[in-house]
Structure formats: C-alpha cells, structure tokens
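File shown: data-v5.cif (mmCIF, C-alpha atoms and all ligand atoms).
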```cif
data_work
#
loop_
_atom_site.label_atom_id
_atom_site.label_comp_id
_atom_site.auth_asym_id
_atom_site.auth_seq_id
_atom_site.Cartn_x
_atom_site.Cartn_y
_atom_site.Cartn_z
CA MET A 12 0.00 0.00 0.00
CA CYS A 13 1.11 3.56 -0.73
CA CYS A 14 0.27 6.55 1.48
CA LYS A 15 -0.57 10.09 0.31
CA ARG A 16 2.91 11.38 1.13
CA ASP A 17 4.52 8.63 -0.88
CA LEU A 18 2.34 9.55 -3.78
CA ALA A 19 3.24 13.21 -3.60
CA ALA A 20 6.88 12.21 -3.63
CA LEU A 21 6.27 9.79 -6.42
CA ARG A 22 4.37 12.25 -8.51
CA VAL A 23 7.34 13.98 -10.06
CA LYS A 24 9.50 10.91 -10.14
CA LEU A 25 6.92 8.96 -11.98
CA ILE A 26 6.73 11.41 -14.81
CA HIS A 27 8.47 9.43 -17.41
CA ARG A 28 8.01 8.26 -20.88
CA LYS A 29 9.64 5.68 -23.07
CA PRO A 30 8.65 5.16 -26.70
CA SER A 31 6.72 2.01 -25.89
CA TRP A 32 4.94 3.46 -22.85
CA ALA A 33 2.17 5.95 -22.55
CA VAL A 34 1.51 8.03 -19.47
CA PHE A 35 -2.01 8.02 -18.14
CA VAL A 36 -3.07 10.37 -15.38
CA ARG A 37 -5.89 9.64 -12.94
CA ARG A 38 -7.11 11.49 -9.88
CA LEU A 39 -6.75 9.57 -6.66
CA PRO A 40 -9.37 10.40 -3.99
CA GLN A 41 -7.58 11.54 -0.83
CA ARG A 42 -7.99 8.41 1.25
CA GLN A 43 -7.81 5.90 -1.48
CA SER A 44 -4.75 3.76 -1.56
CA VAL A 45 -3.00 2.65 -4.66
CA SER A 46 -4.08 -0.71 -5.95
CA GLU A 47 -1.55 -3.47 -6.04
CA SER A 48 -1.33 -3.50 -9.79
CA GLU A 49 -0.59 0.21 -9.78
CA GLN A 50 2.14 -0.30 -7.22
CA VAL A 51 3.70 -2.85 -9.48
CA ILE A 52 3.62 -0.32 -12.25
CA TYR A 53 5.25 2.28 -10.02
CA LYS A 54 8.11 -0.01 -9.30
CA SER A 55 8.88 -0.39 -12.97
CA VAL A 56 9.17 3.33 -13.52
CA HIS A 57 12.50 5.12 -13.79
CA PRO A 58 13.74 8.71 -13.43
CA PRO A 59 11.74 11.71 -14.61
CA GLN A 60 12.06 12.87 -18.19
CA LEU A 61 8.95 14.91 -18.77
CA THR A 62 7.39 17.93 -17.12
CA VAL A 63 4.01 17.65 -15.43
CA ARG A 64 2.55 19.73 -18.25
CA SER A 65 3.71 17.30 -20.92
CA VAL A 66 2.37 14.38 -18.95
CA PHE A 67 -1.06 15.95 -18.95
CA PHE A 68 -0.70 16.66 -22.63
CA GLU A 69 0.19 13.03 -23.26
CA ALA A 70 -2.69 11.88 -21.11
CA ASP A 71 -5.11 14.05 -23.09
CA TYR A 72 -3.82 12.64 -26.31
CA ILE A 73 -4.15 9.06 -25.11
CA GLN A 74 -7.60 9.69 -23.71
CA LYS A 75 -8.84 11.04 -27.04
CA LYS A 76 -7.10 8.46 -29.15
CA TYR A 77 -8.35 5.48 -27.17
CA ASP A 78 -11.57 7.02 -25.98
CA PHE A 79 -10.85 6.70 -22.26
CA PRO A 80 -12.95 8.55 -19.69
CA ALA A 81 -11.98 12.20 -19.17
CA LEU A 82 -8.83 12.75 -17.15
CA PRO A 83 -8.38 15.19 -14.26
CA LYS A 84 -6.30 18.26 -14.94
CA LYS A 85 -5.35 19.00 -11.31
CA LYS A 86 -1.87 18.18 -10.14
CA GLY A 87 -3.10 17.48 -6.57
CA PHE A 88 -3.43 13.78 -6.02
CA ALA A 89 -3.08 12.70 -9.56
CA ILE A 90 -1.21 9.50 -9.92
CA LEU A 91 0.40 8.09 -12.94
CA VAL A 92 -0.53 4.77 -14.40
CA LEU A 93 1.57 3.56 -17.23
CA TYR A 94 0.11 1.50 -20.01
CA ASN A 95 2.01 -0.33 -22.61
CA LYS A 96 1.48 1.85 -25.61
CA THR A 97 2.54 -0.84 -28.04
CA ARG A 98 -0.32 -2.98 -26.79
CA LEU A 99 -2.78 -0.14 -27.06
CA ASP A 100 -1.56 0.69 -30.54
CA SER A 101 -1.78 -2.86 -31.75
CA THR A 102 -5.36 -3.10 -30.54
CA ALA A 103 -6.24 0.21 -32.11
CA THR A 104 -4.76 -0.75 -35.46
CA MET A 105 -5.94 -4.38 -35.48
CA GLN A 106 -5.96 -5.52 -39.07
CA HIS A 107 -8.88 -7.29 -40.63
CA ILE A 108 -7.87 -10.48 -42.42
CA ASP A 109 -10.51 -12.03 -44.62
CA GLY A 110 -10.25 -15.78 -44.02
CA ALA A 111 -12.09 -16.65 -47.23
CA LEU A 112 -10.07 -14.24 -49.34
CA ILE A 113 -6.68 -15.55 -48.19
CA THR A 114 -7.77 -19.06 -49.10
CA HIS A 115 -8.37 -18.10 -52.71
CA ASP A 116 -6.20 -15.05 -53.34
CA LEU A 117 -2.48 -15.82 -53.16
CA PRO A 118 -1.17 -12.21 -52.98
CA ALA A 119 -3.67 -11.51 -50.16
CA ARG A 120 -2.51 -14.65 -48.37
CA MET A 121 1.15 -13.70 -48.83
CA ALA A 122 0.46 -10.19 -47.52
CA TYR A 123 -0.98 -11.74 -44.35
CA LEU A 124 1.79 -14.34 -43.94
CA GLN A 125 4.50 -11.77 -44.54
CA SER A 126 2.95 -9.35 -42.10
CA PHE A 127 2.53 -12.03 -39.42
CA LEU A 128 6.08 -13.35 -39.79
CA GLN A 129 7.39 -9.79 -40.04
CA TRP A 130 8.93 -10.58 -43.38
CA ASP A 131 10.19 -7.40 -44.97
CA PRO A 132 10.49 -7.85 -48.76
CA GLU A 133 12.99 -4.99 -48.90
CA LYS A 134 15.25 -6.38 -46.17
CA ASP A 135 14.73 -10.13 -45.93
CA GLY A 136 14.66 -10.74 -49.68
CA PRO A 137 18.10 -9.23 -50.36
CA LEU A 138 19.52 -11.22 -47.42
CA ILE A 139 18.44 -14.41 -49.18
CA GLU A 140 19.86 -13.12 -52.46
CA ALA A 141 23.12 -12.53 -50.59
CA CYS A 142 23.38 -16.33 -50.17
CA LYS A 143 23.87 -16.79 -53.91
CA PRO A 144 27.68 -16.51 -53.98
CA VAL A 145 27.83 -18.76 -50.91
CA LEU A 146 25.43 -21.45 -52.12
CA ALA A 147 26.26 -21.45 -55.86
CA PRO A 148 29.57 -23.37 -55.60
CA LEU A 149 27.95 -25.78 -53.11
CA LEU A 150 24.82 -26.43 -55.14
CA ASN A 151 25.76 -29.88 -56.43
CA GLY A 152 26.83 -30.96 -52.96
CA ILE A 153 23.60 -29.69 -51.39
CA VAL A 154 21.42 -31.44 -53.96
CA ASP A 155 23.40 -34.70 -53.54
CA ALA A 156 23.03 -34.44 -49.77
CA VAL A 157 19.25 -33.95 -50.08
CA TYR A 158 18.81 -37.06 -52.21
CA GLU A 159 21.24 -39.12 -50.15
CA HIS A 160 19.09 -38.24 -47.18
CA LEU A 161 15.81 -39.06 -48.90
CA LEU A 162 17.28 -42.40 -49.97
CA LYS A 163 18.11 -43.37 -46.38
CA TYR A 164 14.48 -44.31 -45.78
CA ASP A 165 12.40 -46.56 -48.00
CA ILE A 166 9.29 -44.53 -47.23
CA THR A 167 10.81 -41.37 -48.77
CA ALA A 168 12.80 -43.23 -51.46
CA ALA A 169 9.60 -44.91 -52.71
CA THR A 170 8.52 -41.67 -54.40
CA PHE A 171 11.45 -42.01 -56.81
CA ALA A 172 10.84 -45.65 -57.75
CA PRO A 173 8.27 -45.06 -60.52
CA ALA A 174 9.57 -43.93 -63.94
CA GLN A 175 10.47 -40.25 -63.65
CA SER A 176 10.10 -39.44 -67.35
CA ALA A 177 8.42 -40.80 -70.48
CA ASP A 178 11.52 -42.78 -71.48
CA GLY A 179 12.49 -43.74 -67.91
CA ALA A 180 11.72 -47.01 -66.12
CA SER A 181 10.32 -47.86 -62.74
CA VAL A 182 12.70 -49.57 -60.35
CA ASP A 183 12.69 -51.52 -57.09
CA VAL A 184 13.13 -49.02 -54.25
CA ARG A 185 16.16 -50.94 -52.87
CA GLU A 186 18.01 -50.48 -56.17
CA LEU A 187 17.87 -46.72 -55.96
CA ASN A 188 21.07 -44.85 -55.26
CA ILE A 189 22.39 -41.35 -55.75
CA ASP A 190 23.65 -42.12 -59.29
CA HIS A 191 20.53 -43.91 -60.50
CA ALA A 192 18.93 -42.34 -63.60
CA ASN A 193 15.67 -41.67 -61.70
CA ILE A 194 17.53 -39.65 -59.09
CA LYS A 195 19.78 -37.82 -61.57
CA PHE A 196 16.64 -36.64 -63.34
CA ARG A 197 15.19 -35.29 -60.09
CA LYS A 198 18.36 -33.49 -59.05
CA ASP A 199 18.00 -31.06 -61.95
CA PHE A 200 14.60 -29.99 -60.68
CA LEU A 201 15.85 -29.36 -57.17
CA LYS A 202 18.87 -27.47 -58.47
CA GLY A 203 16.58 -25.32 -60.61
CA TYR A 204 14.48 -24.51 -57.56
CA LEU A 205 17.45 -23.48 -55.42
CA VAL A 206 18.87 -21.30 -58.19
CA ARG A 207 15.47 -19.66 -58.58
CA LEU A 208 15.32 -19.06 -54.82
CA VAL A 209 18.63 -17.20 -54.55
CA SER A 210 18.16 -15.41 -57.89
CA ASN A 211 14.73 -14.00 -57.14
CA HIS A 212 14.48 -10.23 -56.82
CA ASP A 213 10.80 -9.63 -56.15
CA TRP A 214 9.77 -10.76 -52.65
CA THR A 215 6.57 -8.73 -52.37
CA PRO A 216 3.22 -10.50 -51.83
CA GLY A 217 2.30 -10.20 -55.52
CA SER A 218 5.57 -11.67 -56.80
CA LYS A 219 5.46 -14.40 -59.46
CA PHE A 220 7.98 -16.27 -57.32
CA TRP A 221 5.36 -17.09 -54.66
CA ASP A 222 3.05 -18.20 -57.43
CA TYR A 223 5.72 -20.67 -58.57
CA ILE A 224 6.38 -21.90 -55.02
CA ASP A 225 2.66 -22.32 -54.50
CA LYS A 226 2.38 -24.42 -57.66
CA VAL A 227 5.35 -26.53 -56.55
CA GLY A 228 3.50 -27.14 -53.29
CA LYS A 229 0.31 -28.16 -55.05
CA ALA A 230 2.24 -30.42 -57.45
CA HIS A 231 3.26 -32.65 -54.51
CA THR A 232 -0.33 -33.38 -53.47
CA GLY A 233 -1.32 -35.62 -56.37
CA SER A 234 -3.08 -32.71 -58.10
CA MET A 235 -3.47 -32.99 -61.87
CA ASP A 236 -3.87 -29.27 -61.98
CA SER A 237 -0.93 -27.74 -60.13
CA GLY A 238 -0.46 -25.05 -62.77
CA LEU A 239 3.13 -26.15 -63.52
CA LYS A 240 3.05 -26.32 -67.33
CA HIS A 241 5.72 -29.00 -67.76
CA ARG A 242 3.83 -31.31 -65.41
CA LYS A 243 0.66 -31.23 -67.46
CA ASN A 244 0.91 -34.63 -69.10
CA LYS A 245 2.86 -36.32 -66.33
CA PRO A 246 1.40 -38.84 -63.89
CA PRO A 247 0.42 -37.17 -60.61
CA LEU A 248 3.07 -36.88 -57.89
CA PHE A 249 2.04 -37.59 -54.33
CA VAL A 250 4.30 -36.93 -51.35
CA GLU A 251 2.95 -37.12 -47.81
CA TYR A 252 2.97 -33.74 -46.04
CA ARG A 253 4.85 -35.46 -43.22
CA ASP A 254 7.89 -35.87 -45.50
CA ILE A 255 7.65 -32.36 -46.92
CA ASN A 256 7.74 -31.04 -43.38
CA LEU A 257 10.73 -33.22 -42.52
CA LEU A 258 12.67 -32.23 -45.61
CA LEU A 259 12.05 -28.55 -45.03
CA GLY A 260 13.39 -28.97 -41.49
CA TRP A 261 16.40 -30.89 -42.73
CA VAL A 262 17.21 -28.36 -45.46
CA GLU A 263 16.90 -25.51 -42.97
CA ASN A 264 19.41 -27.21 -40.72
CA ALA A 265 21.83 -27.92 -43.56
CA VAL A 266 21.69 -24.34 -44.85
CA THR A 267 22.23 -23.03 -41.31
CA ASP A 268 25.46 -25.06 -41.11
CA ILE A 269 26.60 -23.67 -44.44
CA VAL A 270 25.88 -20.04 -43.56
CA MET A 271 27.47 -20.37 -40.10
CA GLY A 272 30.57 -21.83 -41.73
CA VAL A 273 31.22 -18.85 -44.02
CA GLU A 274 34.27 -17.16 -42.56
CA ALA A 275 33.92 -13.98 -44.61
CA LEU A 276 30.64 -13.03 -42.90
CA ASP A 277 30.42 -11.39 -39.48
CA VAL A 278 28.10 -12.84 -36.86
CA LYS A 279 25.46 -10.15 -37.22
CA THR A 280 25.17 -10.72 -40.98
CA LYS A 281 24.94 -14.47 -40.43
CA VAL A 282 22.17 -14.03 -37.88
CA ASP A 283 20.30 -11.64 -40.20
CA ILE A 284 20.58 -14.09 -43.11
CA LEU A 285 19.46 -17.02 -40.96
CA LYS A 286 16.48 -15.08 -39.62
CA ALA A 287 15.44 -14.15 -43.17
CA LEU A 288 15.84 -17.76 -44.30
CA ASN A 289 13.91 -18.98 -41.29
CA LYS A 290 10.98 -16.77 -42.24
CA TYR A 291 11.29 -17.97 -45.81
CA TRP A 292 11.04 -21.68 -44.84
CA TRP A 293 7.88 -20.94 -42.89
CA LEU A 294 6.39 -19.02 -45.81
CA GLN A 295 7.19 -21.93 -48.09
CA ASN A 296 5.86 -24.40 -45.54
CA ASP A 297 2.49 -22.67 -45.73
CA LEU A 298 2.52 -22.90 -49.52
CA PHE A 299 2.87 -26.65 -49.15
CA ALA A 300 0.61 -27.15 -46.13
CA ARG A 301 -2.32 -25.16 -47.47
CA HIS A 302 -2.79 -27.70 -50.26
CA TYR A 303 -2.88 -30.60 -47.80
CA VAL A 304 -4.79 -29.08 -44.90
CA ASN A 305 -8.17 -27.45 -45.29
CA ASP A 306 -8.88 -24.50 -43.05
CA LEU A 307 -11.27 -26.02 -40.52
CA SER A 308 -13.64 -23.07 -40.81
CA GLU A 309 -14.10 -24.06 -44.46
CA VAL A 310 -15.21 -27.62 -43.69
CA THR A 311 -16.92 -27.18 -40.30
CA PRO A 312 -20.58 -26.24 -40.62
CA SER A 313 -21.21 -23.04 -38.67
C1 LIG B 1 11.72 -29.12 -48.91
C2 LIG B 1 10.68 -29.72 -49.47
C3 LIG B 1 10.59 -29.86 -50.97
C4 LIG B 1 10.84 -28.96 -51.94
C5 LIG B 1 11.25 -27.52 -51.78
C6 LIG B 1 10.60 -29.62 -53.20
C7 LIG B 1 10.74 -29.03 -54.43
C8 LIG B 1 10.43 -29.63 -55.61
C9 LIG B 1 10.48 -29.01 -56.88
C10 LIG B 1 10.89 -27.57 -57.12
C11 LIG B 1 10.09 -29.90 -57.79
C12 LIG B 1 10.00 -29.70 -59.29
C13 LIG B 1 8.60 -29.33 -59.64
C14 LIG B 1 8.56 -29.15 -61.12
O1 LIG B 1 9.00 -28.09 -61.56
O2 LIG B 1 8.07 -30.05 -61.79
C15 LIG B 1 9.81 -31.12 -57.11
C16 LIG B 1 9.41 -32.25 -57.72
C17 LIG B 1 9.41 -33.44 -57.10
N1 LIG B 1 9.53 -33.67 -55.76
FE1 LIG B 1 9.79 -32.28 -54.36
N2 LIG B 1 10.23 -30.91 -52.95
C18 LIG B 1 10.23 -31.09 -51.61
C19 LIG B 1 9.96 -32.25 -50.94
C20 LIG B 1 9.87 -33.47 -51.56
C21 LIG B 1 9.88 -34.73 -50.89
C22 LIG B 1 9.96 -34.91 -49.36
C23 LIG B 1 9.79 -35.68 -51.84
C24 LIG B 1 9.76 -37.18 -51.72
C25 LIG B 1 10.02 -37.85 -50.65
C26 LIG B 1 9.73 -35.01 -53.13
C27 LIG B 1 9.61 -35.62 -54.35
C28 LIG B 1 9.52 -35.00 -55.55
C29 LIG B 1 9.36 -35.70 -56.82
C30 LIG B 1 9.31 -37.20 -57.03
C31 LIG B 1 9.29 -34.72 -57.78
C32 LIG B 1 9.18 -34.96 -59.26
C33 LIG B 1 7.98 -34.57 -59.91
C34 LIG B 1 8.13 -34.84 -61.39
O3 LIG B 1 8.38 -35.98 -61.74
O4 LIG B 1 8.01 -33.92 -62.16
N3 LIG B 1 9.76 -33.67 -52.91
N4 LIG B 1 10.01 -30.93 -55.78
#
```

Output the file's structure in the form of structure tokens.
Ligand code: HEM
Amino acid sequence: MCCKRDLAALRVKLIHRKPSWAVFVRRLPQRQSVSESEQVIYKSVHPPQLTVRSVFFEADYIQKKYDFPALPKKKGFAILVLYNKTRLDSTATMQHIDGALITHDLPARMAYLQSFLQWDPEKDGPLIEACKPVLAPLLNGIVDAVYEHLLKYDITAATFAPAQSADGASVDVRELNIDHANIKFRKDFLKGYLVRLVSNHDWTPGSKFWDYIDKVGKAHTGSMDSGLKHRKNKPPLFVEYRDINLLLGWVENAVTDIVMGVEALDVKTKVDILKALNKYWWLQNDLFARHYVNDLSEVTPS
C-alpha cells in the first residue's frame, strides 16, 4: 500500500516516458490507496524525463485516441498509471484479415503471412539473395546431400521408384542410389528450384515467385492441376505432407550449417541471413501445407 505522502513524492519521479509506454493520469481520492497493480507499475518506472505539463498533454492525447474517460487536470493527487502503448496501438490498429479471401487469393494470403512473420520484402529478400555466392559453388553438394538423405528411408525413397520421365523405367526401391537415372533426373529440378530461390528479386506478396512456389506445393499433393506447365501430361506426384515437413526442417538445418561456416561473414550478418531464411522456410511451408490441410472453418458447418 502507498500513502498520500509517498504519492506526492512519487508524482514527479513517476513522470516518465519511453517510446513504448504511454503516461495516463488519474485522480486519486484523498484516502484511497493505490491498488496493487498500480504499485507494481510504479516499481517499474524510472527517473523523470517529462514535465508535469507534458504528462497531462500526453494523457489528453491518449484519452482522445483510445476514448478513455476524461482525465483530471489537477496536479493534486493525480497518480500516474503507465500502459504499454505498443499494446494499445496494436489493438487500435488491429488488421482485418478475410479468411475466405486468403484461401483463394495468393497475394492476399502472402500479404498476411508476410505481415505475421514480419517478413520485410525490402530487407529479408536481399539477405536471401546474398546467399547466392555462398550457395552457388555448393549447389551440387547440397542437392546430392538432399537425395542421399531421402534415400536413407524406403518410405521417402519410394517416391522415386516409378519412372520419372516418359523414357524412364520404374525400379525396385532398394536399387535406388544417388547415381541412378531416376535420381539424376530429379536433381535437376531441385537445383533449378534453389537457383530460382537465390536469384529471385521480387519478394513482395504479388511476386510471381510465390506463385511458382505455391504451384510446386500443389504439385506434390497428387493434383493434376498444379499449374506447372511441364507437369501437365505427367502422372500425378504424391508426397505425404509429413515428409515435406521433414525435408524442409532438414534443409533448414543444412543451410544453417553452411551459412554459419562462411568465414567472410560477421556474426550479425549471419544471424540476419538465418532469420530471413527462417521466415522464408515458414512461408514456403504454408505454400505446401495449405494444399494438404483445409482451413477447418471451411469444412466445419457453422
Ligand atoms: C523441402 C521440401 C521440398 C521442396 C522444396 C521440393 C521441391 C520440388 C520441386 C521444385 C520440384 C520440381 C517441380 C517441377 O518443376 O516439376 C519437385 C518435384 C518433385 N519432388 Fe519435391 N520438394 C520437396 C519435398 C519433396 C519430398 C519430401 C519428396 C519425396 C520424398 C519429393 C519428391 C519429388 C518428386 C518425385 C518430384 C518430381 C515430380 C516430377 O516428376 O516432375 N519432394 N520438388
């Protein structure tokens, strides 16, 4: 509990403002003690930065902006309650996301995903492009490593057993190895994808790149209509989402090792690149997952 004298002493000291905090002023009736939550707030306050006048000004502004009840103007027993302005702001500027629209409109979906993951096309995109000189000489090794990994398990290798092209042949899963014609054929596709990833320059929600990634995602679900032109007359490809998820996780780990191992980059740049890549994997994960998983609101009767 706080007494009146403490409050008077506190009054000037409490006048403080940080960018993420807003000052709120409220009149305290003479005998009323400060509630526990307010005491907690007091304890988190540091030295004075603002004048009493500017605190009232700030309080007025906050009151109008957030439609709080009128605030007292007297200095007397006014106490300061600090609210987290960031929280207030985020409530005030809550964005409307149209669940139906983002299911059917890819740029709208990307705008939402990018906003949620705090993906900045201007900053994160170029960080991924910066990986090009690092990844380019390692491309063959990365692609080999991916297929070696997929061939460690019969359940993932099985996808590569059927003929992979019109003139190819199907094969027993146990006969598959990294140099088998079926795998060689596949490696070119994966290489093409990685080159496209680090060569892309438009990372905004409306970019054709996301459209391509989205079609790649759909192509793995057995769809005859993924939108990838060269797949039109091919037999459908079906990969369980489970394995997509695993491979994304594995690739993320492998790329992290590569980036961390580049001596020419300082730690901050490495962290920035890895954070951008991390967001990217989650964006791509959605462009796979959305073709496997229906939004429950779409299938659940309301
Ligand atoms: C990180 C996750 C994955 C990515 C980024 C990825 C990417 C790709 C890409 C870019 C293509 C070429 C699409 C085209 O242009 O036709 C492709 C095709 C293919 N993917 Fe994936 N893939 C992933 C996971 C998997 C997994 C886990 C498997 C199997 C276990 C798999 C099996 C295949 C097969 C068999 C094709 C060939 C389709 C064809 O014959 O045209 N993918 N994938």

Taking 2 positions as the minimum chain separation for residues in the same chain, which residues sit within 8 Å of segment 290-304 of chain A when counting all atoms listed in the file? Answer as JSON, numbers by chain.
{"A": [124, 125, 128, 130, 224, 225, 227, 228, 229, 232, 252, 255, 256, 259, 263, 286, 287, 288, 306]}

What do you get as JSON, numbers by chain if you pick all residues at most 7 Å from ligand LIG 1 (chain B), counting all atoms listed in the file?
{"A": [161, 167, 168, 170, 171, 175, 176, 197, 200, 201, 204, 227, 230, 231, 239, 241, 242, 248, 250, 254, 255, 256, 258, 259, 262]}

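Compared by their closest atoms to Leu205 of chain A, and using only C-alpha atoms, the residues A:Ala169, A:Leu149, A:Ala174, A:Leu162 rank with A:Leu149 nearest.
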
Quick one: pull the distance between atom CA of Asp283 of chain A and atom CA of Thr267 of chain A, Å, one decimal.
11.6 Å

Near Arg120 of chain A, within 10 Å and counting all atoms listed in the file, which residues show up once chain neighbours fewer than 6 positions away are dropped, as a compact mmCIF listing (two decimals) with C-alpha atoms, in the frame of the given file?
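The file below, selection27.txt, is the result:
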```
# COMPACT_ATOMS: atom_id res chain seq x y z
CA ILE A 108 -7.87 -10.48 -42.42
CA ASP A 109 -10.51 -12.03 -44.62
CA GLY A 110 -10.25 -15.78 -44.02
CA ALA A 111 -12.09 -16.65 -47.23
CA LEU A 112 -10.07 -14.24 -49.34
CA ILE A 113 -6.68 -15.55 -48.19
CA THR A 114 -7.77 -19.06 -49.10
CA SER A 126 2.95 -9.35 -42.10
CA PRO A 216 3.22 -10.50 -51.83
CA GLY A 217 2.30 -10.20 -55.52
CA ASP A 297 2.49 -22.67 -45.73
CA LEU A 298 2.52 -22.90 -49.52
```

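Between atom CA of Val266 of chain A and atom CA of Tyr123 of chain A lies a distance of 25.9 Å.
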
For atom CA of Cys142 of chain A and atom CA of Val209 of chain A, determine how far apart the two atoms are, in Å to one decimal place.
6.5 Å

Can you list, as a list in words, every protein, DNA or RNA residue that comes within 9 Å of Asp213 of chain A when you count only C-alpha atoms, leaving out same-chain residues fewer than 5 positions away?
Pro132, Glu133, Gly136, Ser218, Lys219 and Phe220 of chain A

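The nearest approach to Met121 of chain A among the residues A:Asn244, A:Asn188, A:Asn305, A:Thr215, with only C-alpha atoms taken into account, belongs to A:Thr215.
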
Can you report as AutoDock Vina command-line options the centre and edge lengths in Å, to one decimal, of an axis-aligned box around the listed atoms of segment 223-228 of chain A padded with 6 Å on each side?
```
--center_x 4.4 --center_y -23.9 --center_z -55.9 --size_x 16.0 --size_y 18.5 --size_z 17.3
```

A:Leu257, A:Val145, A:Arg185, A:Ser234 ranked by distance to Val273 of chain A, top pick (using all atoms listed in the file)
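Under the stated criterion, the closest residue is A:Val145.
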
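The closest residue to Asp222 of chain A, picked from A:Ile166, A:Leu276, A:Leu117, A:Ala156 and counting all atoms listed in the file, is A:Leu117.
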
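The residue set within 9 Å of segment 269-271 of chain A, counting only C-alpha atoms and dropping same-chain residues fewer than 4 places from it, reads A:Cys142, A:Val145, A:Leu146, A:Asn264, A:Ala265, A:Leu276, A:Val278, A:Lys281, A:Val282, A:Ile284, A:Leu285.
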
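Minimum atom-to-atom distances from A:Ile153, A:Asp277, A:Lys163, A:Pro173 to Phe249 of chain A were compared using only C-alpha atoms, and the lowest value belongs to A:Pro173.
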
Excluding same-chain residues fewer than 5 positions from Gly203 of chain A, what lies within 10 Å of it counting only C-alpha atoms, as a list in words?
Leu150, Lys198 and Leu208 of chain A

Store the residues picked out above, limited to C-alpha atoms, as a PDB file, in the coordinates of the input.
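Result saved to again_32.pdb:
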```pdb
ATOM      1  CA  LEU A 150      24.820 -26.430 -55.140  1.00  0.00           C
ATOM      2  CA  LYS A 198      18.360 -33.490 -59.050  1.00  0.00           C
ATOM      3  CA  LEU A 208      15.320 -19.060 -54.820  1.00  0.00           C
TER       4      LEU A 208
END
```

Since the input is missing atoms for segment 267-283 of chain A, could you rebuild it with N, CA and C atoms and give the result as a short mmCIF file (atom, residue, chain, number, x, y, z; two decimals), in the frame of the given file?
```
data_model
loop_
_atom_site.label_atom_id
_atom_site.label_comp_id
_atom_site.auth_asym_id
_atom_site.auth_seq_id
_atom_site.Cartn_x
_atom_site.Cartn_y
_atom_site.Cartn_z
N THR A 267 21.70 -23.75 -42.49
CA THR A 267 22.23 -23.03 -41.31
C THR A 267 23.71 -23.37 -41.12
N ASP A 268 24.05 -24.65 -41.24
CA ASP A 268 25.46 -25.06 -41.11
C ASP A 268 26.32 -24.35 -42.14
N ILE A 269 25.80 -24.28 -43.36
CA ILE A 269 26.60 -23.67 -44.44
C ILE A 269 26.83 -22.19 -44.14
N VAL A 270 25.75 -21.48 -43.81
CA VAL A 270 25.88 -20.04 -43.56
C VAL A 270 26.80 -19.79 -42.36
N MET A 271 26.63 -20.57 -41.30
CA MET A 271 27.47 -20.37 -40.10
C MET A 271 28.94 -20.62 -40.41
N GLY A 272 29.19 -21.46 -41.41
CA GLY A 272 30.57 -21.83 -41.73
C GLY A 272 31.29 -20.84 -42.64
N VAL A 273 30.57 -19.81 -43.11
CA VAL A 273 31.22 -18.85 -44.02
C VAL A 273 32.08 -17.87 -43.22
N GLU A 274 33.38 -17.97 -43.39
CA GLU A 274 34.27 -17.16 -42.56
C GLU A 274 34.21 -15.67 -42.90
N ALA A 275 33.88 -15.38 -44.17
CA ALA A 275 33.92 -13.98 -44.61
C ALA A 275 32.77 -13.15 -44.01
N LEU A 276 31.78 -13.80 -43.42
CA LEU A 276 30.64 -13.03 -42.90
C LEU A 276 30.76 -12.81 -41.40
N ASP A 277 30.40 -11.60 -40.94
CA ASP A 277 30.42 -11.39 -39.48
C ASP A 277 29.15 -12.00 -38.87
N VAL A 278 29.19 -12.12 -37.54
CA VAL A 278 28.10 -12.84 -36.86
C VAL A 278 26.75 -12.17 -37.10
N LYS A 279 26.74 -10.85 -37.06
CA LYS A 279 25.46 -10.15 -37.22
C LYS A 279 24.85 -10.46 -38.60
N THR A 280 25.69 -10.43 -39.63
CA THR A 280 25.17 -10.72 -40.98
C THR A 280 24.66 -12.15 -41.04
N LYS A 281 25.40 -13.07 -40.42
CA LYS A 281 24.94 -14.47 -40.43
C LYS A 281 23.58 -14.60 -39.76
N VAL A 282 23.45 -13.94 -38.61
CA VAL A 282 22.17 -14.03 -37.88
C VAL A 282 21.05 -13.43 -38.73
N ASP A 283 21.33 -12.28 -39.37
CA ASP A 283 20.30 -11.64 -40.20
C ASP A 283 19.89 -12.57 -41.35
#
```
